Amino acid sequence: MNLKEADKMYIGNTFRRYDAVFKKGNGAYLTDVKGRKYIDMLAGVAVNLLGYNDADVNRAAIGQIKKYIHTSNLFYSPYQVKLAELILRNTGGSKVYFANTGAEASEIAFKIARKWGILHKRGAYKVVSMYNSFHGRTIAALAATGQKKFHKYLKPLPPGFIHARFNDIKDAAAKIDSKTAAVFVEPVQAEGGVNIPEKNYLEKLKALCARKNVLLMIDEVQTGLGRTGRFLASAYSGVKPDIITLGKGLGGGFPLSAVVVSKRLEKVFTYGDHGTTMGGNHVACAAGYAAMKKISTEKMLKSVREKGRMLLGGLKNIKSPLIKEARGMGMIVGLELSKPLAGALAAEAFKKRLIINACRENVIRIVPPLIIGKKEIGRAVKIIEEALKGMEG
Ligand SMILES: Cc1ncc(COP(=O)(O)O)c(C=O)c1O
């Protein structure tokens, strides 16, 4: 039985896999067992910020593995403290709670919002999130996710999750009432089609939340950690949220997520309110600290902005009737097609050794490692152009 057959036999069928088995990764490249080299512009779904085989991340992870891998949160962790301090310095938050995944970070954010609502807003418990959002795959995170397709087999959903239109302050205002504890929003809707907010959207949302005494919680799981060319995408707006969720590349490729709370919320959770066996694991925090030290430098962030402009500019220059719009912020870029052909385009690109992803049937999402070179960006744009040409006829 080969790997493909064994996978079908033993693994539950929830992922459509790309047709390749990789033997090694290096920088922005993956090489498969047949020796074919791919430019990876999916990066483990926006996780591998420093690409594959970053020497510093490897050294940090291996160094920690040789000491101990896991002791649980009942004991002190030097790397949790180092990483938390670095996160707070770069986000302006006051305290960090570690977890394992983005979905779990969403859950923690809801729990803090609900407890805050009970303590400070006469039992307010509702969370207003946006249509087309994505906040993870647990039941409450999916209830917040504003896409019907995810709700189909989960009813009844937990109560208190309300949706408003993204980019529409009036709708957000209409959906907030006296029982609303928090608004939850992505600074760029990632899975939902790389939707970029209008100028001042977050500022207006923050002002609305302040007026209505509602917490503003920003989901930076995909947009944070340098992805958009700032440590946080929300930093472009200058908005200081009450809660920030982080995940994806936070552990340098190991499972790690975090919830960052502002000063006014730092006493909401007390002993026993949050727990996790694995969250903030030593190896994940050691690797994550090595990764975050590199990602948070102005040099790195500037290069992300520059290369992001190059990638977006290259895509905008492609002349094809199949392209409706190229849009992006730093190195999260979406290519909206005029037909539902994103899956077909990703498959064509893959044949030409470029890994990109269809996040909607008509939108390609491009989230390369932040360290990708200009040469690889140029090559990727060319491949997409050629692939589209082949599909036009
Ligand atoms: C904005 C956002 N929030 C939350 C999540 C969920 O993260 P995870 O898959 O680690 O649970 C994702 C995953 O893609 C995401 O993009």
# chains A, B, ... in the order shown; residues from 1 in each chain; ligands from 1
>>> residues_near_ligand(ligand="ligand 1", cutoff="9 Å", atoms="only C-alpha atoms and all ligand atoms", output="count of residues only")
37
>>> residues_around(residues="Gly393 (chain A)", least_positions_apart="6", cutoff="12 Å", atoms="only C-alpha atoms", output="VMD selection string")
chain A and resid 320 to 322 387
>>> residues_around(residues="Leu370 (chain A)", least_positions_apart="2", cutoff="9 Å", atoms="only C-alpha atoms", output="ChimeraX atom specification")
/A:28,48-51,226-227,295,300-301,303-304,307,331,367-368,372-373
>>> atom_distance(atom1="CA of Ala349 (chain A)", atom2="CA of Glu325 (chain A)")
18.2 Å
>>> residues_around(residues="region 31-35 of chain A", least_positions_apart="6", cutoff="8 Å", atoms="only C-alpha atoms", output="VMD selection string")
chain A and resid 20 to 25
>>> write_last_selection(atoms="all heavy atoms", output="compact mmCIF listing (two decimals), in the first residue's frame")
# COMPACT_ATOMS: atom_id res chain seq x y z
N ALA A 20 1.03 15.45 -3.74
CA ALA A 20 2.50 15.38 -3.63
C ALA A 20 2.85 14.95 -2.22
O ALA A 20 2.12 15.25 -1.27
CB ALA A 20 3.13 16.73 -3.94
N VAL A 21 3.95 14.25 -2.09
CA VAL A 21 4.48 13.90 -0.76
C VAL A 21 5.83 14.59 -0.65
O VAL A 21 6.71 14.39 -1.50
CB VAL A 21 4.65 12.37 -0.62
CG1 VAL A 21 5.25 12.03 0.75
CG2 VAL A 21 3.32 11.66 -0.83
N PHE A 22 6.00 15.40 0.37
CA PHE A 22 7.23 16.20 0.46
C PHE A 22 8.29 15.49 1.30
O PHE A 22 7.98 14.85 2.31
CB PHE A 22 6.92 17.58 1.05
CG PHE A 22 6.01 18.37 0.16
CD1 PHE A 22 4.74 18.75 0.59
CD2 PHE A 22 6.42 18.72 -1.12
CE1 PHE A 22 3.91 19.47 -0.24
CE2 PHE A 22 5.58 19.44 -1.96
CZ PHE A 22 4.32 19.82 -1.52
N LYS A 23 9.52 15.65 0.85
CA LYS A 23 10.60 15.07 1.66
C LYS A 23 11.39 16.15 2.40
O LYS A 23 12.01 15.86 3.41
CB LYS A 23 11.52 14.19 0.81
CG LYS A 23 12.37 14.93 -0.19
CD LYS A 23 13.38 13.99 -0.86
CE LYS A 23 14.20 14.79 -1.87
NZ LYS A 23 14.86 14.03 -2.88
N LYS A 24 11.34 17.39 1.91
CA LYS A 24 12.15 18.42 2.58
C LYS A 24 11.66 19.82 2.22
O LYS A 24 11.15 20.05 1.13
CB LYS A 24 13.61 18.26 2.12
CG LYS A 24 14.57 19.07 2.95
CD LYS A 24 16.01 18.57 2.82
CE LYS A 24 17.01 19.53 3.45
NZ LYS A 24 16.72 20.02 4.76
N GLY A 25 11.84 20.72 3.17
CA GLY A 25 11.56 22.13 2.90
C GLY A 25 12.77 22.97 3.20
O GLY A 25 13.57 22.64 4.08
>>> closest_residue(among="A:Lys82, A:His282, A:His163, A:Lys316", to="Lys66 (chain A)", atoms="only C-alpha atoms")
A:His282
>>> decode(residues="region 162-176 of chain A", atoms="all heavy atoms", output="compact mmCIF listing (two decimals), in the first residue's frame")
# COMPACT_ATOMS: atom_id res chain seq x y z
N ILE A 162 -24.03 37.00 17.01
CA ILE A 162 -24.81 37.82 16.08
C ILE A 162 -23.86 38.27 14.98
O ILE A 162 -22.68 38.52 15.25
CB ILE A 162 -25.33 39.10 16.82
CG1 ILE A 162 -25.86 38.78 18.21
CG2 ILE A 162 -26.31 39.89 15.96
CD1 ILE A 162 -27.10 37.96 18.28
N HIS A 163 -24.36 38.42 13.77
CA HIS A 163 -23.48 38.83 12.67
C HIS A 163 -23.87 40.18 12.07
O HIS A 163 -25.06 40.49 11.96
CB HIS A 163 -23.45 37.75 11.59
CG HIS A 163 -22.93 36.45 12.13
ND1 HIS A 163 -23.73 35.36 12.36
CD2 HIS A 163 -21.69 36.13 12.58
CE1 HIS A 163 -23.01 34.39 12.91
NE2 HIS A 163 -21.77 34.83 13.05
N ALA A 164 -22.84 40.93 11.71
CA ALA A 164 -23.05 42.22 11.04
C ALA A 164 -22.24 42.21 9.75
O ALA A 164 -21.31 41.41 9.62
CB ALA A 164 -22.58 43.35 11.95
N ARG A 165 -22.58 43.10 8.83
CA ARG A 165 -21.83 43.16 7.57
C ARG A 165 -20.45 43.78 7.82
O ARG A 165 -20.33 44.79 8.53
CB ARG A 165 -22.59 43.98 6.52
CG ARG A 165 -23.73 43.20 5.89
CD ARG A 165 -24.33 43.94 4.70
NE ARG A 165 -24.92 45.20 5.12
CZ ARG A 165 -26.17 45.34 5.56
NH1 ARG A 165 -26.98 44.29 5.62
NH2 ARG A 165 -26.63 46.52 5.92
N PHE A 166 -19.42 43.15 7.24
CA PHE A 166 -18.05 43.67 7.33
C PHE A 166 -18.01 45.03 6.64
O PHE A 166 -18.67 45.22 5.62
CB PHE A 166 -17.11 42.68 6.61
CG PHE A 166 -15.64 42.97 6.75
CD1 PHE A 166 -15.03 43.01 8.00
CD2 PHE A 166 -14.85 43.18 5.63
CE1 PHE A 166 -13.66 43.25 8.14
CE2 PHE A 166 -13.48 43.42 5.75
CZ PHE A 166 -12.89 43.46 7.00
N ASN A 167 -17.27 45.96 7.20
CA ASN A 167 -17.13 47.27 6.56
C ASN A 167 -18.37 48.15 6.68
O ASN A 167 -18.48 49.13 5.96
CB ASN A 167 -16.83 47.11 5.06
CG ASN A 167 -15.40 47.44 4.75
OD1 ASN A 167 -14.78 48.20 5.48
ND2 ASN A 167 -14.89 46.87 3.70
N ASP A 168 -19.30 47.77 7.52
CA ASP A 168 -20.57 48.51 7.60
C ASP A 168 -20.83 48.88 9.07
O ASP A 168 -21.36 48.09 9.84
CB ASP A 168 -21.69 47.61 7.04
CG ASP A 168 -23.01 48.34 6.95
OD1 ASP A 168 -23.19 49.34 7.68
OD2 ASP A 168 -23.87 47.90 6.18
N ILE A 169 -20.43 50.09 9.40
CA ILE A 169 -20.54 50.54 10.80
C ILE A 169 -22.01 50.63 11.24
O ILE A 169 -22.36 50.28 12.36
CB ILE A 169 -19.84 51.91 10.98
CG1 ILE A 169 -18.33 51.73 10.80
CG2 ILE A 169 -20.13 52.53 12.34
CD1 ILE A 169 -17.67 50.89 11.88
N LYS A 170 -22.86 51.07 10.31
CA LYS A 170 -24.28 51.20 10.67
C LYS A 170 -24.85 49.85 11.05
O LYS A 170 -25.62 49.72 12.02
CB LYS A 170 -25.06 51.75 9.47
CG LYS A 170 -25.03 53.24 9.38
CD LYS A 170 -26.21 53.75 8.55
CE LYS A 170 -26.08 55.24 8.41
NZ LYS A 170 -26.09 55.69 7.02
N ASP A 171 -24.47 48.82 10.29
CA ASP A 171 -24.99 47.49 10.59
C ASP A 171 -24.45 47.00 11.94
O ASP A 171 -25.20 46.42 12.74
CB ASP A 171 -24.62 46.50 9.47
CG ASP A 171 -25.50 45.26 9.53
OD1 ASP A 171 -26.69 45.39 9.90
OD2 ASP A 171 -25.00 44.16 9.24
N ALA A 172 -23.17 47.25 12.18
CA ALA A 172 -22.59 46.85 13.48
C ALA A 172 -23.35 47.56 14.60
O ALA A 172 -23.73 46.94 15.61
CB ALA A 172 -21.10 47.18 13.53
N ALA A 173 -23.62 48.85 14.42
CA ALA A 173 -24.33 49.62 15.45
C ALA A 173 -25.73 49.05 15.67
O ALA A 173 -26.19 48.94 16.81
CB ALA A 173 -24.40 51.09 15.04
N ALA A 174 -26.37 48.65 14.58
CA ALA A 174 -27.74 48.12 14.68
C ALA A 174 -27.76 46.77 15.40
O ALA A 174 -28.77 46.40 16.01
CB ALA A 174 -28.34 47.98 13.29
N LYS A 175 -26.66 46.04 15.32
CA LYS A 175 -26.64 44.69 15.91
C LYS A 175 -26.22 44.69 17.39
O LYS A 175 -26.35 43.70 18.08
CB LYS A 175 -25.70 43.78 15.11
CG LYS A 175 -26.08 43.63 13.64
CD LYS A 175 -27.35 42.83 13.47
CE LYS A 175 -27.96 42.90 12.08
NZ LYS A 175 -27.15 42.43 10.98
N ILE A 176 -25.68 45.81 17.84
CA ILE A 176 -25.27 45.91 19.25
C ILE A 176 -26.47 46.31 20.11
O ILE A 176 -27.21 47.22 19.76
CB ILE A 176 -24.13 46.96 19.40
CG1 ILE A 176 -22.85 46.45 18.74
CG2 ILE A 176 -23.88 47.29 20.87
CD1 ILE A 176 -21.72 47.47 18.69
